[in-house]
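What follows is one structure encoded as C-alpha cells, with my remarks underneath.
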Amino acid sequence: MEEEYIEEIKQEIIEATSKCRICMSCYADCPLQESTRGYVTQGPTGITKAIYYGILWDTLAGKDAEELRDIVYACTTCGACVARCEKSACGIKVVDVIEAGRKLLVEKMIGPLPDQIKVLESLDQEGNPYDELADKRTKWLESIDKEDAKQVKVLQDSDTVENLLFVGCTSSYDRDLVNIPGSIVKAFNKLKIDYGILNDEKCCGDPALRLGEVGLFEDFSEQNTERFKNVKAKRVINICPHGYHTFKNNYADFPSDLEVMHYTEFLAQQIDVGTLTIKTKLNQKVTYHDPCYLGKRNNSYEAPRKILNNIAGDNFVEMKRNRADSLCCGGGGGRMFVEVEEVDRLSETRVRHALEAGAEIIVTACPWCHIQLSDGIKTSGNENKIIVKDMAHLLADCI
Amino acid sequence: MDVVVTIRQTGILRGNPILTADEKSVDITKLKRHINEWDQYALEEALRIKERKEAGITVVSVGDKKTEDAIYYCLAAGVNEGILIETEPSKYLDSWQIASLLARVVSERPYDLVFSGVQSEDEGCAEVGAILARMLDIPLSSTVIGIKSLIEGGTIEIQNELEEGFYHIRTLELPALITIQTGINQPRYVSSLRLRNTKKKRKITKVSPESLGINMMELDCKKMPKRLFIPEFGSAKLELIDGASSNEKANSLLGRLYDRGVL
Amino acid sequence: MTNEMILTLIEHRNNEIREVSWELLAAAENFCSQFSLAMATVMLGHDCDSLINEVAKRASILYYLESEQLKYYSCDRYCYVLESLIKKLEPRIIVLPHTIQGMEIGAYLAAGLKVPYLPDCLDLAFESGSWQGIRELYGGKVKGEFLSSSSDTLIISLRPGTFDYFDAGNPEGEILKESIDLNTKKFMSRFIELIQPQPGDVDITKFDIVVGVGRGLGDKEKIGLFEQFADALGGTLAASRPVVDMGWLPRERQVGQSGKTVKPKLYIACGISGASQHLIGMKGAKTIVGINADPNAPIFNVADFGIVGDIFEVIPPMIEAIKSKTS
C-alpha cells in the first residue's frame, strides 16, 4: 500500500479508464499513429489502458515501468482523441487521464523522461524551462525596435493596466523568436492599446503540469494568480496558446473577472470593432497551421483566419487537414524538450501538408509550433520552398 | 545491509557570484540550494541497492538548518533515516571538520557501505570521503563508475574511472567506503508533492556536535579561506571579438582565425 | 621539526610516466628555489626500471619503492608505503598531482598523517607564517587564497596543466631503490584488472580541428548544427562530460579529466563553461576559441579568442562563411 495521495491518483485513473470500451475510434485521430506509421500500437486508448493495467497488476517498477513511461510521455496532449471520444464514443477526457498517468509516474519517481528532469529543475529555480536566468526575462526588449520598446509598460508590484500582455517563456528567451513579442508590441503600440508586461513574469506552469509535476504547477498557478490580482487588469492576453489554455482551464483560483484571450482573438476583435484595419496585403500564398492548444483544445479557429483573410485575401489557402482535423506539430506535452522516436517526423509531415496546399508561408500562432515547423522545414530540406511566420510577424508589417 | 550516504547541500550559483563582506565565502543566503550533484548520484546508487537487496539507507549531512531540505529530499526519494549534524550557518567548516563530525555519527551505527560523492560543486576538494574512510579505518575507492557485485558480509567489486579512458576493477572488503562519480546512473526525480508530503510525515534526526561529544572550539580545521575573489575576466592572451550582431562577430572571428593561419 | 625538502610523487600507468609528472617536477623545482628546499621524488611500482631511468634524467634524487603489490595503484598500499617513507624523510612539503589517483592519495595520506592538505592548487606561497594555496571554487567562478593551519608539513596537490613542462634534462639523478615486503600486512582491497581504453569509432585525438560542445547545447536535437560546423571545418565533434552523461554524444568523444586529452591546432568550445575537469583535456590546444553566453565562463580564461554570445546565433553564419569560402 502506498501513500494515500498516490492511491488516490490510481483510483482516479481506474475510474476514468474503466469506462473505455476500447472502440478504438481515437486511434485514427492520434498524431502518434501518423508519426509511427501505426507501428507503435499505443494510441490514446492504448496508453490509458497501459496505465490502467499497470496499476491493476502492479507492474509499475523496473524495466516495465520504464517502457510504460516512454509510452505515456510520447503523447503530445493535442486533444484530438478527446474530441473524437466526445463525438463518437463515451466522452472520456483521455488527455486528462494521460496527464494523471504522468502524475502517477512522477510521484512514483519513474517519470518524467530523463532529459525532462532538468526542465523541471529549471522551472523551479529560474521560472522558465530553458535554464535561462530569471532576471534576464525582459531582456528581449533590448532586441526590438527601440521606439516600440520605450512604449512597453513594465509593471511593478502595484502598477495596474487594462490589458496584461503575458509574454511567456519561449517568446521571452528564444532568440530566434524575439520578433514575435516585438511584433505584437509594435501592433499594440500602433493601435494605442493600454497594455503592460510583468516585471517579474514567470512560467504559466504548463510544462510542469503536462509532465505530471502537479505540485510545481500549483506553485506557479498560485504565484501567478496572486500577481494577476494585484495588476487588476481587465484581460490577460497570451502570446503562447499553452499559457492561454492553462490560465483558462487549469488554474484553480483564476479571477473570474479576468478575461483570458489569445492575442489573435484580441486582434480579431479589434478588426470587428473597426480599430484595426489591415493596410498592406500579402502577395504570397499563406496557409495557417492551427496550434492544438488554441484550436483543438479551445475551439479557437476563426479569429486567426479572420486576421489572415484580411492580410492575404485570395492568397490564403487551407491545408487539407485544418481546424479540428489539424495535425499536431509534435511539440506539446513536454515533447519540445526531448527527442521522441518517430518514423515520420510530425513536423515534416505538416510541412508537406503546407507545400501540398501550395503555400509559401506557414503562419502559426504558437511559439512551439513555430520552432517545430522551422525545424521540420530544415530537416526535410525545404528551406528554399517555404518559411514559417508567426501571425504577429505578418501583422506588424501590415498595419 | 546498511548503507550510509553522506551528502552536502550546496548553493546553486548561477550568474555573478556575490562574496560575503569578509570576502571569505560566497554569499549563499540569497541562493537556492540543492544536493551536491555528485551526491545525487551517490544517493541514487544507494537507492538502487535498496531496490535489489534488502537494505536500510541512512543519509547524513553536516550543515545549517536549511540543510533539512536536502535531507527531506533524500527521505522522499526513499531513504530510511535522515540525520542532520546541525552547525551554525555561515560558519566555515573544512573537510577535516566535516569528516570528523560524520565519522562520529557513522561509527555509532552498523554499516556495510558508506557512499559519498567524489567532490562538491562549491569547494571541489574531493576530500571528505577519503578522510572519513581513514577515520573509520575501512577500505576506500574513489571515482566509482560502476558496482559490479556486492556480497553481504563479504566484498564489493567496483569499477573506478581513471583518465584517458582507463578503468580499474578492484574488490574491497566490507565495510567499505566508495566515492561515486557522475554518470554512474540516472538519478530519479523527486516531485514537489512528494517532498511536501514527506515534510509532513517524516522526521529528521538532528544532532548537535556537542551531543556527539565534539567541542567545536577544539575541533580545528586544517585549512581555511583567507580571501576569496572573483577572477578577472579573460587572460592576457584573450582577444574578445566584438560586433554589432552575431553575424558580425562570427565573421570577425573567422577573419582573425584566417589571419592567424589557424584555418 | 621537518627536513627542508620537497617530496614529489611520480604518477605512471600502463608502463608510461604520465605527462603530469613532468609538470609536477617543474613546479616542485620552482618551489625549491622559492622556499629554499631540497628536491626529492618518489615513485612506487614493480618492474619499472625503464621508467625509473626516464625519471632519473630529470630528478636529482629518486626514491623507488618496489613491490609486486605496488604494480597497480591502490590507495591503501600506496599510502601505507608513502607514510612510512614520509615518517623517515620528514619532508616539509609533499607534492602530488591533482589527478584521480593523486586526489585520493592526498586526502587519505593527510588524514593518516594528520597534516594540512591543500587540494587542487594553482599556486603555492608562504604568507604570514602559513602555507597558502590558490584554489578555484564553483567550477572556476571564484578563486581563493587558502591557508594551511600549520606552517610545518604540508601536502599539496597541484592542478594538472597549470605549470609548464619540464623539458631540460638534468644530470643523472640518484636512484635510491628499496624493495618493500607487503606480504605481512593485511590489506582490505584486492586489485583485479586495469581496463584499457576502448578503440571507438572515432579517435578525436587525431584531428587538427576539434569543436567541443557543452551544456549550452540544450538538448540532443541541436547537435546537428555543430556536426555541420565540425564538418565544414574538416574537424571532429567533441563533448564535455555533462553532454556525455546525458547521452547526447558517446563517451569516446568526451574531452576532459576522465575523457580524452586533445591537442589540436584549433579547439572551439561552444557552450562550454570551462570547468577545470574539461580544461585539463584541451588546454594544450594551440589556439582556443570560446563561445559562451555567460561572460563569467572560465573558458575565457584560457581562450585566445572569445565571443560572449549565443552559440545558435554565432555558429550558423560561421558555417555559411566557411562554405562560401571553400566553394
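Each chain in the C-alpha cells gets a letter, A, B and so on, in the order shown; residues start at 1 in every chain, and ligands are counted from 1 in the order they appear.
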Using only C-alpha atoms, find each residue of chain B with at least one atom at most 12 Å away from an atom of chain A; report its shortest atom-to-atom pair and that distance in Å (one decimal), sort the rows by chain and rising residue number, and return the result as CSV.
```
residue,atom,partner,partner_atom,distance
B:Gly11,CA,A:Gln125,CA,11.4
B:Ile12,CA,A:Gln125,CA,8.8
B:Leu13,CA,A:Gln125,CA,10.8
B:Arg14,CA,A:Leu133,CA,7.6
B:Gly15,CA,A:Leu133,CA,7.4
B:Asn16,CA,A:Leu133,CA,10.9
B:Leu31,CA,A:Gln125,CA,9.6
B:Lys32,CA,A:Gln125,CA,7.1
B:Arg33,CA,A:Gln125,CA,9.2
B:His34,CA,A:Gln125,CA,10.0
B:Glu44,CA,A:Met109,CA,11.3
B:Leu47,CA,A:Met109,CA,11.6
B:Arg48,CA,A:Gly62,CA,10.4
B:Glu51,CA,A:Gly62,CA,9.2
B:Arg52,CA,A:Gly62,CA,10.3
B:Ala76,CA,A:Met109,CA,9.7
B:Ala77,CA,A:Met109,CA,7.8
B:Gly78,CA,A:Met109,CA,9.8
B:Asn185,CA,A:Pro114,CA,10.9
B:Gln186,CA,A:Pro114,CA,7.3
B:Pro187,CA,A:Pro114,CA,8.5
B:Arg188,CA,A:Met109,CA,5.8
B:Tyr189,CA,A:Met109,CA,5.5
B:Val190,CA,A:Met109,CA,6.1
B:Ser191,CA,A:Glu107,CA,6.2
B:Ser192,CA,A:Gly215,CA,4.9
B:Leu193,CA,A:Gly215,CA,4.8
B:Arg194,CA,A:Glu107,CA,6.3
B:Leu195,CA,A:Gly215,CA,9.2
B:Arg196,CA,A:Gly215,CA,8.5
B:Asn197,CA,A:Tyr5,CA,8.8
B:Thr198,CA,A:Glu3,CA,10.0
B:Lys201,CA,A:Glu3,CA,10.3
B:Ala244,CA,A:Ser143,CA,11.6
B:Ser245,CA,A:Ser143,CA,10.6
B:Ser246,CA,A:Arg175,CA,11.2
```
Could the residues in this selection be saved with N, CA and C atoms as a tab-separated table (two decimals), in the first residue's frame?
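Contents of selection.tsv, freshly written:
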```tsv
chain	number	residue	atom	x	y	z
B	11	GLY	N	24.94	25.78	-2.54
B	11	GLY	CA	24.17	26.84	-3.16
B	11	GLY	C	24.23	26.65	-4.67
B	12	ILE	N	23.17	27.03	-5.36
B	12	ILE	CA	23.17	26.92	-6.81
B	12	ILE	C	23.63	28.26	-7.35
B	13	LEU	N	24.87	28.30	-7.83
B	13	LEU	CA	25.44	29.57	-8.26
B	13	LEU	C	25.23	29.77	-9.74
B	14	ARG	N	24.30	30.64	-10.07
B	14	ARG	CA	24.09	30.98	-11.48
B	14	ARG	C	24.38	32.47	-11.57
B	15	GLY	N	24.78	32.91	-12.73
B	15	GLY	CA	25.05	34.35	-12.82
B	15	GLY	C	26.27	34.73	-12.02
B	16	ASN	N	26.32	36.00	-11.60
B	16	ASN	CA	27.53	36.50	-10.93
B	16	ASN	C	27.56	36.14	-9.45
B	31	LEU	N	20.84	32.46	-2.40
B	31	LEU	CA	20.83	31.46	-3.46
B	31	LEU	C	19.90	30.31	-3.12
B	32	LYS	N	19.35	29.68	-4.18
B	32	LYS	CA	18.60	28.44	-3.96
B	32	LYS	C	19.66	27.37	-3.69
B	33	ARG	N	19.22	26.31	-3.04
B	33	ARG	CA	20.20	25.27	-2.74
B	33	ARG	C	19.69	23.92	-3.22
B	34	HIS	N	20.61	23.01	-3.42
B	34	HIS	CA	20.24	21.64	-3.77
B	34	HIS	C	21.31	20.69	-3.27
B	44	GLU	N	21.28	7.99	-5.48
B	44	GLU	CA	20.57	7.11	-6.42
B	44	GLU	C	21.17	5.71	-6.41
B	47	LEU	N	19.93	3.92	-3.44
B	47	LEU	CA	18.53	3.54	-3.59
B	47	LEU	C	18.38	2.32	-4.50
B	48	ARG	N	19.27	2.23	-5.48
B	48	ARG	CA	19.18	1.06	-6.37
B	48	ARG	C	19.59	-0.21	-5.64
B	51	GLU	N	16.69	-1.35	-3.86
B	51	GLU	CA	15.69	-1.98	-4.73
B	51	GLU	C	16.07	-3.42	-5.05
B	52	ARG	N	17.38	-3.70	-5.07
B	52	ARG	CA	17.82	-5.04	-5.46
B	52	ARG	C	17.93	-5.97	-4.26
B	76	ALA	N	12.28	11.59	0.91
B	76	ALA	CA	11.24	11.48	-0.11
B	76	ALA	C	11.66	10.50	-1.20
B	77	ALA	N	12.95	10.47	-1.47
B	77	ALA	CA	13.44	9.59	-2.53
B	77	ALA	C	13.46	8.13	-2.08
B	78	GLY	N	13.37	7.92	-0.78
B	78	GLY	CA	13.26	6.55	-0.30
B	78	GLY	C	14.24	6.08	0.75
B	185	ASN	N	24.65	6.52	-12.94
B	185	ASN	CA	23.25	6.12	-13.06
B	185	ASN	C	22.45	7.35	-13.48
B	186	GLN	N	21.13	7.25	-13.53
B	186	GLN	CA	20.26	8.39	-13.81
B	186	GLN	C	19.46	8.65	-12.54
B	187	PRO	N	19.79	9.71	-11.80
B	187	PRO	CA	19.07	9.98	-10.56
B	187	PRO	C	17.57	10.18	-10.80
B	188	ARG	N	16.76	9.63	-9.91
B	188	ARG	CA	15.31	9.76	-10.04
B	188	ARG	C	14.89	11.18	-9.68
B	189	TYR	N	13.68	11.54	-10.13
B	189	TYR	CA	13.16	12.87	-9.86
B	189	TYR	C	12.21	12.80	-8.66
B	190	VAL	N	12.42	13.66	-7.70
B	190	VAL	CA	11.53	13.72	-6.54
B	190	VAL	C	10.63	14.93	-6.71
B	191	SER	N	9.32	14.69	-6.75
B	191	SER	CA	8.40	15.78	-7.07
B	191	SER	C	8.13	16.67	-5.87
B	192	SER	N	7.58	17.81	-6.19
B	192	SER	CA	7.20	18.81	-5.19
B	192	SER	C	6.19	18.24	-4.21
B	193	LEU	N	5.21	17.51	-4.74
B	193	LEU	CA	4.16	16.92	-3.88
B	193	LEU	C	4.76	15.89	-2.94
B	194	ARG	N	5.62	15.08	-3.50
B	194	ARG	CA	6.24	14.02	-2.72
B	194	ARG	C	7.06	14.62	-1.58
B	195	LEU	N	7.76	15.68	-1.91
B	195	LEU	CA	8.58	16.37	-0.92
B	195	LEU	C	7.71	16.98	0.17
B	196	ARG	N	6.62	17.60	-0.25
B	196	ARG	CA	5.71	18.24	0.70
B	196	ARG	C	5.16	17.21	1.66
B	197	ASN	N	4.73	16.10	1.08
B	197	ASN	CA	4.16	15.00	1.84
B	197	ASN	C	5.16	14.46	2.86
B	198	THR	N	6.40	14.32	2.38
B	198	THR	CA	7.46	13.80	3.24
B	198	THR	C	7.72	14.75	4.40
B	201	LYS	N	5.12	14.11	6.97
B	201	LYS	CA	5.01	12.81	7.63
B	201	LYS	C	6.29	12.32	8.30
B	244	ALA	N	28.41	44.32	-33.82
B	244	ALA	CA	27.05	44.82	-33.62
B	244	ALA	C	26.04	43.69	-33.65
B	245	SER	N	26.38	42.59	-34.32
B	245	SER	CA	25.44	41.48	-34.40
B	245	SER	C	26.23	40.19	-34.32
B	246	SER	N	25.50	39.10	-34.08
B	246	SER	CA	26.18	37.80	-34.01
B	246	SER	C	26.86	37.50	-35.33
```
(Q) At a cut-off of 6 Å, using only C-alpha atoms, what residues contact stretch 300-304 of chain C? Leave out same-chain residues fewer than 5 positions from it and give the result as JSON, numbers by chain. (A) {"B": [234, 235, 237, 238, 239], "C": [288, 289, 290]}
Go ahead and write the residues just picked, N, CA and C atoms, as a JSON list (two decimals), in the first residue's frame.
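As written to disk, part22.json reads:
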```json
[["chain", "number", "residue", "atom", "x", "y", "z"],
["B", 234, "GLY", "N", 38.97, 36.84, -18.45],
["B", 234, "GLY", "CA", 39.94, 36.57, -19.51],
["B", 234, "GLY", "C", 41.37, 36.47, -19.02],
["B", 235, "SER", "N", 42.27, 36.55, -19.94],
["B", 235, "SER", "CA", 43.69, 36.45, -19.62],
["B", 235, "SER", "C", 44.42, 37.40, -20.57],
["B", 237, "LYS", "N", 46.21, 36.81, -23.02],
["B", 237, "LYS", "CA", 46.19, 36.45, -24.44],
["B", 237, "LYS", "C", 44.81, 36.53, -25.08],
["B", 238, "LEU", "N", 43.75, 36.76, -24.28],
["B", 238, "LEU", "CA", 42.40, 36.72, -24.83],
["B", 238, "LEU", "C", 42.09, 37.91, -25.71],
["B", 239, "GLU", "N", 41.62, 37.60, -26.91],
["B", 239, "GLU", "CA", 41.13, 38.67, -27.78],
["B", 239, "GLU", "C", 39.62, 38.49, -27.85],
["C", 288, "ILE", "N", 42.72, 28.36, -28.90],
["C", 288, "ILE", "CA", 41.44, 28.04, -28.27],
["C", 288, "ILE", "C", 40.45, 29.17, -28.50],
["C", 289, "VAL", "N", 39.27, 28.80, -28.96],
["C", 289, "VAL", "CA", 38.19, 29.79, -29.13],
["C", 289, "VAL", "C", 37.08, 29.41, -28.16],
["C", 290, "GLY", "N", 36.57, 30.40, -27.45],
["C", 290, "GLY", "CA", 35.47, 30.13, -26.53],
["C", 290, "GLY", "C", 34.25, 30.95, -26.95]]
```
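With only C-alpha atoms as the atoms that count, the residue of B:Thr171, B:Gln97, B:Asn215, B:Thr67 with the shortest distance to B:Gly146 is B:Thr171.
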(Q) So that I can check the surroundings of B:Ile147, please list as a PyMOL selection string every protein, DNA and RNA residue that reaches within 8 Å of it, counting only C-alpha atoms and ignoring chain neighbours fewer than 2 positions away. (A) chain B and resi 144-145+149-150+156-159
Q: Please give the complete set of residues from stretch 20-104 of chain A that DSSP, run on the backbone, assigns to helix (DSSP H, G or I), formatted as a PyMOL selection string.
A: chain A and resi 25-29+31-35+43-56+62-72+80-88+94-104
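With only C-alpha atoms taken into account, chain C has Gly218, Asp219, Lys220, Glu221 and Met246 of chain C at most 8 Å from chain A.
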Q | Neighbours of chain B in chain C at 6 Å, counting only C-alpha atoms, as a PyMOL selection string | A | chain C and resi 107-108+111+116+119+137-138+142-149+188-197+245+257-260+300-301+303-307+313-314+317-318
Can those selected residues be exported to a file as a tab-separated table (two decimals), in the first residue's frame so that it contains N, CA and C atoms?
```
chain	number	residue	atom	x	y	z
C	107	ALA	N	44.22	13.21	0.11
C	107	ALA	CA	43.28	13.28	1.22
C	107	ALA	C	43.52	12.17	2.24
C	108	TYR	N	43.75	10.96	1.73
C	108	TYR	CA	43.91	9.80	2.61
C	108	TYR	C	45.20	9.90	3.42
C	111	ALA	N	45.00	12.61	6.05
C	111	ALA	CA	44.19	12.18	7.18
C	111	ALA	C	44.98	11.24	8.07
C	116	PRO	N	48.02	19.22	7.32
C	116	PRO	CA	47.19	20.00	6.41
C	116	PRO	C	47.40	19.58	4.96
C	119	PRO	N	44.22	20.98	-1.60
C	119	PRO	CA	43.98	20.25	-2.84
C	119	PRO	C	43.79	21.16	-4.06
C	137	LEU	N	36.86	27.84	-6.79
C	137	LEU	CA	35.59	27.35	-6.25
C	137	LEU	C	34.51	27.51	-7.32
C	138	TYR	N	33.42	26.79	-7.14
C	138	TYR	CA	32.28	26.89	-8.06
C	138	TYR	C	32.75	26.78	-9.51
C	142	VAL	N	34.90	31.47	-8.89
C	142	VAL	CA	35.50	32.20	-7.77
C	142	VAL	C	36.88	31.60	-7.52
C	143	LYS	N	37.82	32.43	-7.13
C	143	LYS	CA	39.15	31.93	-6.75
C	143	LYS	C	39.37	32.28	-5.29
C	144	GLY	N	40.26	31.55	-4.62
C	144	GLY	CA	40.51	31.88	-3.23
C	144	GLY	C	41.90	31.56	-2.77
C	145	GLU	N	42.35	32.32	-1.78
C	145	GLU	CA	43.62	32.03	-1.11
C	145	GLU	C	43.27	31.25	0.14
C	146	PHE	N	43.83	30.07	0.26
C	146	PHE	CA	43.54	29.23	1.43
C	146	PHE	C	44.81	29.02	2.22
C	147	LEU	N	44.68	29.13	3.54
C	147	LEU	CA	45.83	28.98	4.41
C	147	LEU	C	45.81	27.62	5.09
C	148	SER	N	46.98	27.03	5.23
C	148	SER	CA	47.04	25.79	5.98
C	148	SER	C	47.15	26.15	7.46
C	149	SER	N	46.71	25.21	8.30
C	149	SER	CA	46.65	25.52	9.73
C	149	SER	C	48.01	25.43	10.40
C	188	MET	N	42.79	-4.52	2.80
C	188	MET	CA	41.38	-4.87	2.63
C	188	MET	C	40.88	-4.65	1.20
C	189	SER	N	41.80	-4.48	0.28
C	189	SER	CA	41.36	-4.32	-1.09
C	189	SER	C	42.19	-5.25	-1.96
C	190	ARG	N	41.61	-5.64	-3.08
C	190	ARG	CA	42.35	-6.52	-3.97
C	190	ARG	C	42.18	-5.98	-5.38
C	191	PHE	N	43.32	-5.82	-6.06
C	191	PHE	CA	43.28	-5.31	-7.41
C	191	PHE	C	42.90	-6.43	-8.36
C	192	ILE	N	41.98	-6.14	-9.30
C	192	ILE	CA	41.57	-7.18	-10.23
C	192	ILE	C	42.13	-6.91	-11.63
C	193	GLU	N	41.86	-5.74	-12.14
C	193	GLU	CA	42.20	-5.53	-13.55
C	193	GLU	C	42.37	-4.06	-13.91
C	194	LEU	N	43.25	-3.79	-14.88
C	194	LEU	CA	43.35	-2.46	-15.48
C	194	LEU	C	42.69	-2.58	-16.84
C	195	ILE	N	41.63	-1.79	-17.06
C	195	ILE	CA	40.94	-1.86	-18.35
C	195	ILE	C	41.50	-0.79	-19.27
C	196	GLN	N	41.91	-1.24	-20.43
C	196	GLN	CA	42.49	-0.32	-21.41
C	196	GLN	C	41.39	0.48	-22.10
C	197	PRO	N	41.75	1.64	-22.64
C	197	PRO	CA	40.74	2.42	-23.37
C	197	PRO	C	40.23	1.65	-24.58
C	245	ASP	N	27.27	12.41	-20.19
C	245	ASP	CA	26.45	11.83	-19.11
C	245	ASP	C	24.99	11.80	-19.52
C	257	GLN	N	39.19	15.52	-17.94
C	257	GLN	CA	39.99	14.75	-16.99
C	257	GLN	C	39.74	13.26	-17.12
C	258	SER	N	38.47	12.87	-17.19
C	258	SER	CA	38.20	11.44	-17.30
C	258	SER	C	37.84	11.06	-18.72
C	259	GLY	N	38.12	11.93	-19.64
C	259	GLY	CA	37.88	11.59	-21.04
C	259	GLY	C	39.20	11.63	-21.76
C	260	LYS	N	39.20	12.16	-22.95
C	260	LYS	CA	40.44	12.21	-23.72
C	260	LYS	C	41.11	13.58	-23.58
C	300	PHE	N	36.88	31.55	-20.88
C	300	PHE	CA	37.53	32.75	-21.39
C	300	PHE	C	38.90	32.99	-20.75
C	301	ASN	N	39.18	32.28	-19.67
C	301	ASN	CA	40.47	32.42	-19.04
C	301	ASN	C	41.57	31.67	-19.77
C	303	ALA	N	41.09	31.03	-23.30
C	303	ALA	CA	40.88	31.20	-24.74
C	303	ALA	C	41.79	32.26	-25.34
C	304	ASP	N	42.10	32.03	-26.61
C	304	ASP	CA	42.83	33.05	-27.37
C	304	ASP	C	41.84	34.03	-27.97
C	305	PHE	N	40.71	33.49	-28.40
C	305	PHE	CA	39.64	34.33	-28.94
C	305	PHE	C	38.35	33.98	-28.23
C	306	GLY	N	37.54	34.99	-27.96
C	306	GLY	CA	36.29	34.71	-27.29
C	306	GLY	C	35.15	35.52	-27.84
C	307	ILE	N	33.99	34.91	-27.87
C	307	ILE	CA	32.78	35.66	-28.20
C	307	ILE	C	31.80	35.42	-27.06
C	313	GLU	N	23.41	31.64	-32.52
C	313	GLU	CA	23.39	32.80	-33.43
C	313	GLU	C	24.73	32.96	-34.12
C	314	VAL	N	25.78	32.52	-33.45
C	314	VAL	CA	27.12	32.74	-33.98
C	314	VAL	C	27.56	31.64	-34.94
C	317	PRO	N	26.17	31.62	-39.08
C	317	PRO	CA	26.89	32.45	-40.05
C	317	PRO	C	28.32	31.99	-40.29
C	318	MET	N	28.92	31.38	-39.26
C	318	MET	CA	30.29	30.87	-39.45
C	318	MET	C	30.28	29.74	-40.47
```
Q.
Report as a ChimeraX atom specification all protein, DNA and RNA residues lying within 8 Å of stretch 257-269 of chain A, evaluated on only C-alpha atoms, omitting residues in the same chain fewer than 3 positions from it.
A. /A:233-241,244,247-248,254,272-273,276,294,300,303-304,306-307,365,391
Q. What lies within 12 Å of B:Ile214 using only C-alpha atoms, ignoring chain neighbours under 3 positions off, as a ChimeraX atom specification?
A. /B:85,87,97-98,100-105,207-211,217-220
Go ahead and write the selection's residues with C-alpha atoms as an mmCIF file, in the first residue's frame.
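Contents of the output file out.cif:
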```cif
data_model
loop_
_atom_site.group_PDB
_atom_site.id
_atom_site.type_symbol
_atom_site.label_atom_id
_atom_site.label_comp_id
_atom_site.auth_asym_id
_atom_site.auth_seq_id
_atom_site.Cartn_x
_atom_site.Cartn_y
_atom_site.Cartn_z
ATOM 1 C CA ILE B 85 24.505 17.353 12.211
ATOM 2 C CA THR B 87 26.084 23.597 12.679
ATOM 3 C CA GLN B 97 35.971 19.097 10.500
ATOM 4 C CA ILE B 98 33.116 17.798 8.367
ATOM 5 C CA SER B 100 35.220 14.319 11.916
ATOM 6 C CA LEU B 101 31.568 15.055 12.593
ATOM 7 C CA LEU B 102 30.397 12.495 10.052
ATOM 8 C CA ALA B 103 32.762 9.855 11.443
ATOM 9 C CA ARG B 104 31.271 10.263 14.885
ATOM 10 C CA VAL B 105 27.748 9.593 13.625
ATOM 11 C CA VAL B 207 22.148 16.208 16.419
ATOM 12 C CA SER B 208 24.499 18.888 17.582
ATOM 13 C CA PRO B 209 28.267 18.470 17.589
ATOM 14 C CA GLU B 210 28.148 18.751 21.385
ATOM 15 C CA SER B 211 25.738 15.847 21.658
ATOM 16 C CA MET B 217 36.076 25.173 19.701
ATOM 17 C CA GLU B 218 38.595 22.372 19.947
ATOM 18 C CA LEU B 219 37.961 20.772 16.580
ATOM 19 C CA ASP B 220 40.439 22.653 14.489
#
```
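For stretch 30-139 of chain B, a DSSP pass over the backbone yields strand (DSSP E) at B:Arg33, B:His34, B:Ile35, B:Gly56, B:Ile57, B:Thr58, B:Val59, B:Val60, B:Ser61, B:Val62, B:Gly63, B:Glu81, B:Gly82, B:Ile83, B:Leu84, B:Ile85, B:Glu86, B:Leu113, B:Val114, B:Phe115, B:Ser116, B:Gly117.
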Write a file of the just-selected residues containing C-alpha atoms, as a PDB file, in the first residue's frame.
```
ATOM      1  CA  ARG B  33      20.202  25.268  -2.739  1.00  0.00           C
ATOM      2  CA  HIS B  34      20.237  21.637  -3.767  1.00  0.00           C
ATOM      3  CA  ILE B  35      22.000  18.404  -3.026  1.00  0.00           C
ATOM      4  CA  GLY B  56      18.409   0.219   5.022  1.00  0.00           C
ATOM      5  CA  ILE B  57      19.727   3.584   3.908  1.00  0.00           C
ATOM      6  CA  THR B  58      20.727   6.387   6.204  1.00  0.00           C
ATOM      7  CA  VAL B  59      21.632   9.817   4.922  1.00  0.00           C
ATOM      8  CA  VAL B  60      23.885  12.053   6.998  1.00  0.00           C
ATOM      9  CA  SER B  61      24.794  15.647   6.362  1.00  0.00           C
ATOM     10  CA  VAL B  62      26.631  18.434   8.102  1.00  0.00           C
ATOM     11  CA  GLY B  63      25.059  21.834   7.654  1.00  0.00           C
ATOM     12  CA  GLU B  81      16.627   7.656   8.014  1.00  0.00           C
ATOM     13  CA  GLY B  82      17.967  11.172   7.714  1.00  0.00           C
ATOM     14  CA  ILE B  83      20.422  12.716  10.139  1.00  0.00           C
ATOM     15  CA  LEU B  84      21.455  16.342  10.231  1.00  0.00           C
ATOM     16  CA  ILE B  85      24.505  17.353  12.211  1.00  0.00           C
ATOM     17  CA  GLU B  86      23.435  20.913  12.666  1.00  0.00           C
ATOM     18  CA  LEU B 113      28.804   0.561   2.914  1.00  0.00           C
ATOM     19  CA  VAL B 114      29.382   4.284   3.009  1.00  0.00           C
ATOM     20  CA  PHE B 115      28.802   6.316  -0.148  1.00  0.00           C
ATOM     21  CA  SER B 116      29.791   9.877  -0.797  1.00  0.00           C
ATOM     22  CA  GLY B 117      30.100  11.914  -3.957  1.00  0.00           C
TER      23      GLY B 117
END
```
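Between atom CA of B:Ala70 and atom CA of B:Asn36 lies a distance of 9.3 Å.
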**Q.** Contact residues around A:Thr280 with only C-alpha atoms at 9 Å, ignoring same-chain residues under 5 positions, as number ranges by chain
**A.** A: 311, 397-399
Go ahead and dump the residues you just picked, C-alpha atoms, as a PDB file, in the first residue's frame.
```pdb
ATOM      1  CA  ILE A 311      -3.993  40.157 -44.775  1.00  0.00           C
ATOM      2  CA  ASP A 397       4.165  44.615 -41.401  1.00  0.00           C
ATOM      3  CA  CYS A 398       0.575  45.100 -42.475  1.00  0.00           C
ATOM      4  CA  ILE A 399      -0.912  47.689 -40.175  1.00  0.00           C
TER       5      ILE A 399
END
```
